[in-house]
Amino acid sequence: MKIDHLINGKPVSGSDYFETVNPATQEVLAEVASGGEAEVHAAVAAAKEAFPKWAGMPAPQRAKLIRKLGDLIAANVPAIAQTETDDCGQVIAQTGKQLVPRAADNFYYFAEMCTRVDGHTYPTETHLNYTLFHPVGVCALISPWNVPFMTATWKVAPCLAFGNTAVLKMSELSPLTAARLGELALEAGIPPGVLNLVHGYGKDAGEPLVAHPDVRAISFTGSTATGNRIVKSAGLKKFSMELGGKSPFVIFEDANLDRALDAAVFMIFSNNGERCTAGSRILVQKSIYADFAAKFAERARRVRVGDPLDEKTIVGPMISQAHLAKVRSYIELGPKEGATLLCGGLGAPDLPERVRKGNYVLPTVFADVDNRMKIAQDEIFGPVACLIPFDDEADAIRLANDIQYGLSSYVWTENIGRAHRVAAAVEAGMCFVNSQNVRDLRQPFGGTKASGTGREGGTWSYEVFCEPKNIAVSM
Ligand code: NAD
């Protein structure tokens with residue numbers, strides 16, 4: 001199978017192609033066009049030309065097309081989910097029941113919202129000030145490989161709904177479902193040029209895209225290192241930067257331990273541990289630490305590793321052999337830094353025949369981790385949990401914040417005052433109290449510190465995808 005760029009509604013072949021590989025089987029799934037400056041220029045030009053008409057279309061009409069795209073996704077969930085699972089290794093229980101259906105919801109939500117954009121009024125004795133929210137223009141949307149379809153739609157839906165046009169660049173490791181999104185957008189009646197796709201590597205396709213002078217806004221999800229590079233090469237543009245994380249999952253002695261255990265297991269092992277909001281630093285109060293560690297390791301040993309197409313599998317393959325090597329290097333490092341390996345490690349999981357060549361790693365738990373260790377400070381982005389003991393509330397807050405990242409956080413306690421205090425004190429864009437990560441499309445999603453700038457979701461998406469204008473009328 002060959003996957004081409006999508007520029008101005010037409011497939012455009014590449015001067016070069018790269019292979020996208022199934023991480024569970026190493027089977028080549030497709031040859032994908034590898035774009036560079038020429039394709040980026042053509043895609044930005046198409047988006048620029050399509051912009052005035054799309055931006056000028058009455059919002060209810062735009063909303064109708066966007067809703068239709070949601071319907072087409074909803075009608076194709078099983079096929080898209082299977083492609084996503086094949087391309088990026090996320091297990092079918094997640095792609096089929098959660099991630100792809102949520103992608104359809106993204107379009108329904110922003111279709112509704114774009115018909116209700118309102119402004120503010122600031123009347124004074126001399127002037128009536130009011131705001132308008134205009135679309136920005138051509139937006140560069142850049143996505144990582146971990147939940148590619150969901151992330152792409154999370155960007156495309158608000159971008160298009162608010163009247164912008166887009167050039168989408170997916171990760172070179174998982175481009176297939178976005179290619180399908182481009183086809184479905186055309187089928188939904190979204191005009192050619194409104195959504196363009198350029199495939200390729202970050203350096204060849206991503207760099208010229210973010211640096212392009214006709215690109216007005218960048219919505220980027222990916223690593224902190226790449227985010228830093230983009231900010232430097234892009235120049236003066238609007239940004240939303242959704243970057244890495246190493247989120248604290250704080251459990252106090254008065255927590256409901258069974259629920260906390262379930263959520264802790266879910267937040268580090270689901271999505272293969274390749275999750276930006278993973279609760280990868282599990283901070284546990286000393287009085288319950290030994291009990292928690294034993295129970296957590298016991299549950300981790302039961303986490304099923306296997307074929308991502310099997311509905312019962314929790315942990316599928318890592319996205320690539322390079323990423324597998326990275327995750328394994330941290331598992332090797334843990335004991336050298338003085339952490340205690342409670343379960344997992346470098347052994348091979350017992351796998352069904354079909355996926356024996358896959359990029360697998362065992363769900364791994366390290367206890368007695370010191371927050372200064374590299375395994376506690378670096379984003380491993382795999383199924384590796386670090387258990388860190390703490391003394392009291394102040395110690396928990398200190399440890400939670402002693403990290404470069406600030407994306408998500410989790411607090412478990414039955415003490416309502418403490419819950420509010422810790423939630424307020426933790427340096428993170430999001431805090432979930434007595435809960436795993438749950439997504440409400442109205443909530444501001446994003447992080448602080450090295451986890452990024454800007455927020456997306458609900459009206460927070462205006463920040464990157466709309467240009468507010470103040471109009472002051474003399475009275
Ligand atoms: P990455 O930074 O390597 O790549 C992300 C995207 O950027 C890819 O499409 C890549 O091709 C492109 N890219 C690379 N170099 C570029 C450049 N110089 N200019 C423009 N584009 C460039 O990240 P990844 O390994 O694909 O994804 C994993 C990372 O993403 C993790 O750090 C994870 O935490 C983060 N992530 C964050 C969120 C969030 O919402 N905060 C969500 C998912 C993933």
# chains A, B, ... in the order shown; residues from 1 in each chain; ligands from 1
$ residues_near_ligand --ligand "ligand 1" --cutoff "6 Å" --atoms "only C-alpha atoms and all ligand atoms" --output "JSON list (two decimals) with N, CA and C atoms, in the first residue's frame"
[["chain", "number", "residue", "atom", "x", "y", "z"],
["A", 142, "ILE", "N", 0.85, 19.57, 14.44],
["A", 142, "ILE", "CA", 1.89, 18.53, 14.45],
["A", 142, "ILE", "C", 1.63, 17.57, 15.61],
["A", 143, "SER", "N", 1.66, 16.31, 15.27],
["A", 143, "SER", "CA", 1.17, 15.28, 16.19],
["A", 143, "SER", "C", 2.23, 14.22, 16.47],
["A", 144, "PRO", "N", 2.21, 13.64, 17.67],
["A", 144, "PRO", "CA", 3.13, 12.53, 17.99],
["A", 144, "PRO", "C", 2.52, 11.18, 17.63],
["A", 145, "TRP", "N", 3.17, 10.10, 18.04],
["A", 145, "TRP", "CA", 2.74, 8.78, 17.62],
["A", 145, "TRP", "C", 1.93, 8.04, 18.67],
["A", 169, "LYS", "N", 0.78, 17.52, 10.08],
["A", 169, "LYS", "CA", 1.91, 16.60, 9.92],
["A", 169, "LYS", "C", 1.91, 15.60, 11.06],
["A", 170, "MET", "N", 1.68, 14.36, 10.71],
["A", 170, "MET", "CA", 1.65, 13.30, 11.72],
["A", 170, "MET", "C", 3.07, 12.82, 11.99],
["A", 171, "SER", "N", 3.21, 12.05, 13.05],
["A", 171, "SER", "CA", 4.50, 11.42, 13.30],
["A", 171, "SER", "C", 4.80, 10.43, 12.17],
["A", 172, "GLU", "N", 6.05, 10.37, 11.79],
["A", 172, "GLU", "CA", 6.49, 9.42, 10.76],
["A", 172, "GLU", "C", 6.29, 7.97, 11.23],
["A", 201, "TYR", "N", 9.42, 13.23, 8.00],
["A", 201, "TYR", "CA", 10.21, 13.35, 9.23],
["A", 201, "TYR", "C", 10.17, 14.78, 9.76],
["A", 202, "GLY", "N", 10.44, 14.90, 11.04],
["A", 202, "GLY", "CA", 10.41, 16.21, 11.68],
["A", 202, "GLY", "C", 11.35, 17.19, 11.02],
["A", 203, "LYS", "N", 12.55, 16.73, 10.75],
["A", 203, "LYS", "CA", 13.56, 17.65, 10.22],
["A", 203, "LYS", "C", 13.22, 18.09, 8.79],
["A", 206, "GLY", "N", 8.63, 18.82, 9.15],
["A", 206, "GLY", "CA", 8.18, 19.62, 10.30],
["A", 206, "GLY", "C", 8.86, 20.98, 10.35],
["A", 207, "GLU", "N", 10.17, 20.99, 10.17],
["A", 207, "GLU", "CA", 10.94, 22.25, 10.27],
["A", 207, "GLU", "C", 10.45, 23.31, 9.29],
["A", 221, "THR", "N", 1.96, 18.82, 19.56],
["A", 221, "THR", "CA", 2.01, 17.85, 20.66],
["A", 221, "THR", "C", 3.20, 16.95, 20.40],
["A", 222, "GLY", "N", 4.07, 16.85, 21.37],
["A", 222, "GLY", "CA", 5.25, 16.02, 21.21],
["A", 222, "GLY", "C", 6.19, 16.22, 22.40],
["A", 223, "SER", "N", 7.44, 15.93, 22.18],
["A", 223, "SER", "CA", 8.39, 15.97, 23.29],
["A", 223, "SER", "C", 8.81, 17.40, 23.61],
["A", 226, "THR", "N", 11.63, 18.67, 21.23],
["A", 226, "THR", "CA", 11.17, 19.16, 19.92],
["A", 226, "THR", "C", 10.42, 20.48, 20.09],
["A", 229, "ARG", "N", 12.81, 23.21, 20.16],
["A", 229, "ARG", "CA", 13.39, 23.47, 18.82],
["A", 229, "ARG", "C", 12.40, 24.27, 17.98],
["A", 230, "ILE", "N", 11.14, 23.89, 18.04],
["A", 230, "ILE", "CA", 10.12, 24.55, 17.21],
["A", 230, "ILE", "C", 9.98, 26.02, 17.58],
["A", 242, "GLU", "N", 1.95, 21.21, 23.66],
["A", 242, "GLU", "CA", 1.56, 20.13, 24.58],
["A", 242, "GLU", "C", 2.73, 19.15, 24.63],
["A", 243, "LEU", "N", 3.49, 19.20, 25.72],
["A", 243, "LEU", "CA", 4.79, 18.50, 25.73],
["A", 243, "LEU", "C", 4.81, 17.34, 26.74],
["A", 244, "GLY", "N", 5.99, 16.95, 27.12],
["A", 244, "GLY", "CA", 6.16, 15.75, 27.93],
["A", 244, "GLY", "C", 5.69, 15.90, 29.37],
["A", 245, "GLY", "N", 5.72, 14.79, 30.10],
["A", 245, "GLY", "CA", 5.30, 14.82, 31.50],
["A", 245, "GLY", "C", 5.95, 13.72, 32.32],
["A", 276, "CYS", "N", 1.16, 10.77, 27.83],
["A", 276, "CYS", "CA", 1.78, 11.99, 28.35],
["A", 276, "CYS", "C", 1.36, 12.26, 29.79],
["A", 446, "GLY", "N", -3.52, 20.95, 29.18],
["A", 446, "GLY", "CA", -2.16, 21.42, 28.89],
["A", 446, "GLY", "C", -1.35, 21.46, 30.15]]
$ closest_atom_pairs --of "segment 199-305 of chain A" --to "segment 82-104 of chain A" --cutoff "9 Å" --atoms "only C-alpha atoms" --output "Markdown table"
| residue | atom | partner | partner_atom | distance |
| --- | --- | --- | --- | --- |
| A:Ser270 | CA | A:Gln94 | CA | 8.4 |
| A:Asn271 | CA | A:Gln90 | CA | 5.8 |
| A:Asn272 | CA | A:Gln90 | CA | 6.8 |
| A:Glu274 | CA | A:Gln90 | CA | 8.8 |
$ write_last_selection --atoms "C-alpha atoms" --output "mmCIF file, in the first residue's frame"
data_model
loop_
_atom_site.group_PDB
_atom_site.id
_atom_site.type_symbol
_atom_site.label_atom_id
_atom_site.label_comp_id
_atom_site.auth_asym_id
_atom_site.auth_seq_id
_atom_site.Cartn_x
_atom_site.Cartn_y
_atom_site.Cartn_z
ATOM 1 C CA SER A 270 -2.805 1.539 30.013
ATOM 2 C CA ASN A 271 -1.919 2.908 26.569
ATOM 3 C CA ASN A 272 1.285 0.834 26.943
ATOM 4 C CA GLU A 274 3.063 5.650 26.310
#
$ residues_around --residues "segment 410-419 of chain A" --least-positions-apart "3" --cutoff "12 Å" --atoms "only C-alpha atoms" --output "PyMOL selection string"
chain A and resi 246-264+267+277-285+392-394+396-397+400+406-407+422-438
$ closest_atom_pairs --of "segment 376-467 of chain A" --to "segment 235-238 of chain A" --cutoff "10 Å" --atoms "only C-alpha atoms" --output "JSON lines"
{"residue": "A:Gly454", "atom": "CA", "partner": "A:Lys238", "partner_atom": "CA", "distance": 9.4}
{"residue": "A:Glu463", "atom": "CA", "partner": "A:Lys238", "partner_atom": "CA", "distance": 8.2}
{"residue": "A:Val464", "atom": "CA", "partner": "A:Lys238", "partner_atom": "CA", "distance": 5.9}
{"residue": "A:Phe465", "atom": "CA", "partner": "A:Lys238", "partner_atom": "CA", "distance": 8.4}
{"residue": "A:Cys466", "atom": "CA", "partner": "A:Lys238", "partner_atom": "CA", "distance": 9.5}
{"residue": "A:Glu467", "atom": "CA", "partner": "A:Lys238", "partner_atom": "CA", "distance": 9.3}
$ atom_distance --atom1 "atom CA of Gly193 of chain A" --atom2 "atom CA of Val40 of chain A"
12.7 Å
$ select_by_dssp --residues "segment 25-193 of chain A" --states "strand (DSSP E)" --output "list of chain:residue names"
A:Val28, A:Leu29, A:Ala30, A:Glu31, A:Val32, A:Ala33, A:Thr121, A:Tyr122, A:Pro123, A:His127, A:Leu128, A:Asn129, A:Tyr130, A:Thr131, A:Leu132, A:Phe133, A:His134, A:Pro135, A:Val138, A:Cys139, A:Ala140, A:Leu141, A:Ile142, A:Thr165, A:Ala166, A:Val167, A:Leu168, A:Lys169
$ atom_distance --atom1 "atom CA of Phe110 of chain A" --atom2 "atom CA of Leu197 of chain A"
20.5 Å
$ residues_around --residues "Leu324 of chain A" --least-positions-apart "2" --cutoff "12 Å" --atoms "only C-alpha atoms" --output "list in words"
Pro23, Ala24, Asn272, Gly273, Glu274, Gly316, Pro317, Met318, Ile319, Ser320, Gln321, Ala322, Lys326, Val327, Arg328, Ser329, Tyr330, Ile331, Leu346, Gly358, Asn359, Tyr360, Val361, Leu362, Ile380, Phe381, Gly382, Pro383 and Val384 of chain A
$ select_by_dssp --residues "segment 205-303 of chain A" --states "alpha helix (DSSP H)" --output "JSON, numbers by chain"
{"A": [207, 208, 209, 210, 211, 224, 225, 226, 227, 228, 229, 230, 231, 232, 233, 234, 257, 258, 259, 260, 261, 262, 263, 264, 265, 266, 267, 268, 269, 286, 287, 288, 289, 290, 291, 292, 293, 294, 295, 296, 297, 298, 299, 300, 301]}
$ closest_residue --among "A:Val32, A:Val44, A:Leu309, A:Ala294" --to "Pro78 of chain A" --atoms "only C-alpha atoms"
A:Leu309
$ closest_residue --among "A:Glu456, A:Asp368, A:Glu353, A:Asp391" --to "Lys286 of chain A" --atoms "only C-alpha atoms"
A:Asp391
$ closest_atom_pairs --of "segment 38-116 of chain A" --to "segment 4-8 of chain A" --cutoff "10 Å" --atoms "only C-alpha atoms" --output "JSON lines"
{"residue": "A:Glu39", "atom": "CA", "partner": "A:His5", "partner_atom": "CA", "distance": 8.0}
{"residue": "A:Val40", "atom": "CA", "partner": "A:Ile7", "partner_atom": "CA", "distance": 9.2}
{"residue": "A:Ala42", "atom": "CA", "partner": "A:Ile7", "partner_atom": "CA", "distance": 7.1}
{"residue": "A:Ala43", "atom": "CA", "partner": "A:Ile7", "partner_atom": "CA", "distance": 5.3}
{"residue": "A:Val44", "atom": "CA", "partner": "A:Ile7", "partner_atom": "CA", "distance": 8.8}
{"residue": "A:Ala45", "atom": "CA", "partner": "A:Asn8", "partner_atom": "CA", "distance": 8.9}
{"residue": "A:Ala46", "atom": "CA", "partner": "A:Asn8", "partner_atom": "CA", "distance": 5.4}
{"residue": "A:Ala47", "atom": "CA", "partner": "A:Asn8", "partner_atom": "CA", "distance": 7.4}
{"residue": "A:Glu49", "atom": "CA", "partner": "A:Asn8", "partner_atom": "CA", "distance": 9.3}
{"residue": "A:Ala50", "atom": "CA", "partner": "A:Asn8", "partner_atom": "CA", "distance": 8.4}
$ write_last_selection --atoms "N, CA and C atoms" --output "mmCIF file, in the first residue's frame"
data_model
loop_
_atom_site.group_PDB
_atom_site.id
_atom_site.type_symbol
_atom_site.label_atom_id
_atom_site.label_comp_id
_atom_site.auth_asym_id
_atom_site.auth_seq_id
_atom_site.Cartn_x
_atom_site.Cartn_y
_atom_site.Cartn_z
ATOM 1 N N GLU A 39 6.743 20.127 -0.733
ATOM 2 C CA GLU A 39 5.392 19.688 -0.382
ATOM 3 C C GLU A 39 4.786 20.618 0.673
ATOM 4 N N VAL A 40 5.633 21.051 1.609
ATOM 5 C CA VAL A 40 5.147 21.974 2.640
ATOM 6 C C VAL A 40 4.687 23.277 1.995
ATOM 7 N N ALA A 42 3.632 23.767 -1.046
ATOM 8 C CA ALA A 42 2.399 23.540 -1.813
ATOM 9 C C ALA A 42 1.200 23.426 -0.862
ATOM 10 N N ALA A 43 1.381 22.732 0.257
ATOM 11 C CA ALA A 43 0.272 22.530 1.204
ATOM 12 C C ALA A 43 -0.118 23.847 1.875
ATOM 13 N N VAL A 44 0.885 24.642 2.257
ATOM 14 C CA VAL A 44 0.575 25.931 2.897
ATOM 15 C C VAL A 44 -0.120 26.850 1.887
ATOM 16 N N ALA A 45 0.341 26.811 0.640
ATOM 17 C CA ALA A 45 -0.289 27.653 -0.391
ATOM 18 C C ALA A 45 -1.753 27.251 -0.582
ATOM 19 N N ALA A 46 -2.004 25.936 -0.589
ATOM 20 C CA ALA A 46 -3.390 25.457 -0.757
ATOM 21 C C ALA A 46 -4.252 25.908 0.432
ATOM 22 N N ALA A 47 -3.689 25.801 1.627
ATOM 23 C CA ALA A 47 -4.437 26.190 2.832
ATOM 24 C C ALA A 47 -4.700 27.694 2.823
ATOM 25 N N GLU A 49 -5.004 29.619 0.187
ATOM 26 C CA GLU A 49 -5.993 29.943 -0.831
ATOM 27 C C GLU A 49 -7.408 29.551 -0.366
ATOM 28 N N ALA A 50 -7.486 28.438 0.348
ATOM 29 C CA ALA A 50 -8.808 27.968 0.794
ATOM 30 C C ALA A 50 -9.346 28.794 1.955
#
$ residues_around --residues "Ala339 of chain A" --least-positions-apart "6" --cutoff "7 Å" --atoms "only C-alpha atoms" --output "PyMOL selection string"
chain A and resi 366-369
$ residues_around --residues "Ala33 of chain A" --least-positions-apart "4" --cutoff "7 Å" --atoms "only C-alpha atoms" --output "ChimeraX atom specification"
/A:3-5,13-14,16-18,199-200
$ write_last_selection --atoms "C-alpha atoms" --output "short mmCIF file (atom, residue, chain, number, x, y, z; two decimals), in the first residue's frame"
data_model
loop_
_atom_site.label_atom_id
_atom_site.label_comp_id
_atom_site.auth_asym_id
_atom_site.auth_seq_id
_atom_site.Cartn_x
_atom_site.Cartn_y
_atom_site.Cartn_z
CA ILE A 3 0.16 6.59 1.23
CA ASP A 4 0.54 9.99 -0.42
CA HIS A 5 0.36 13.54 0.84
CA SER A 13 3.10 11.43 -4.49
CA GLY A 14 6.45 11.85 -2.79
CA ASP A 16 10.79 9.61 -1.63
CA TYR A 17 8.90 7.13 0.57
CA PHE A 18 9.45 5.63 4.01
CA HIS A 199 3.85 13.23 5.79
CA GLY A 200 7.48 12.93 6.69
#
$ closest_residue --among "A:Met57, A:Val147, A:Val194, A:Ser174" --to "Lys10 of chain A" --atoms "only C-alpha atoms"
A:Val194
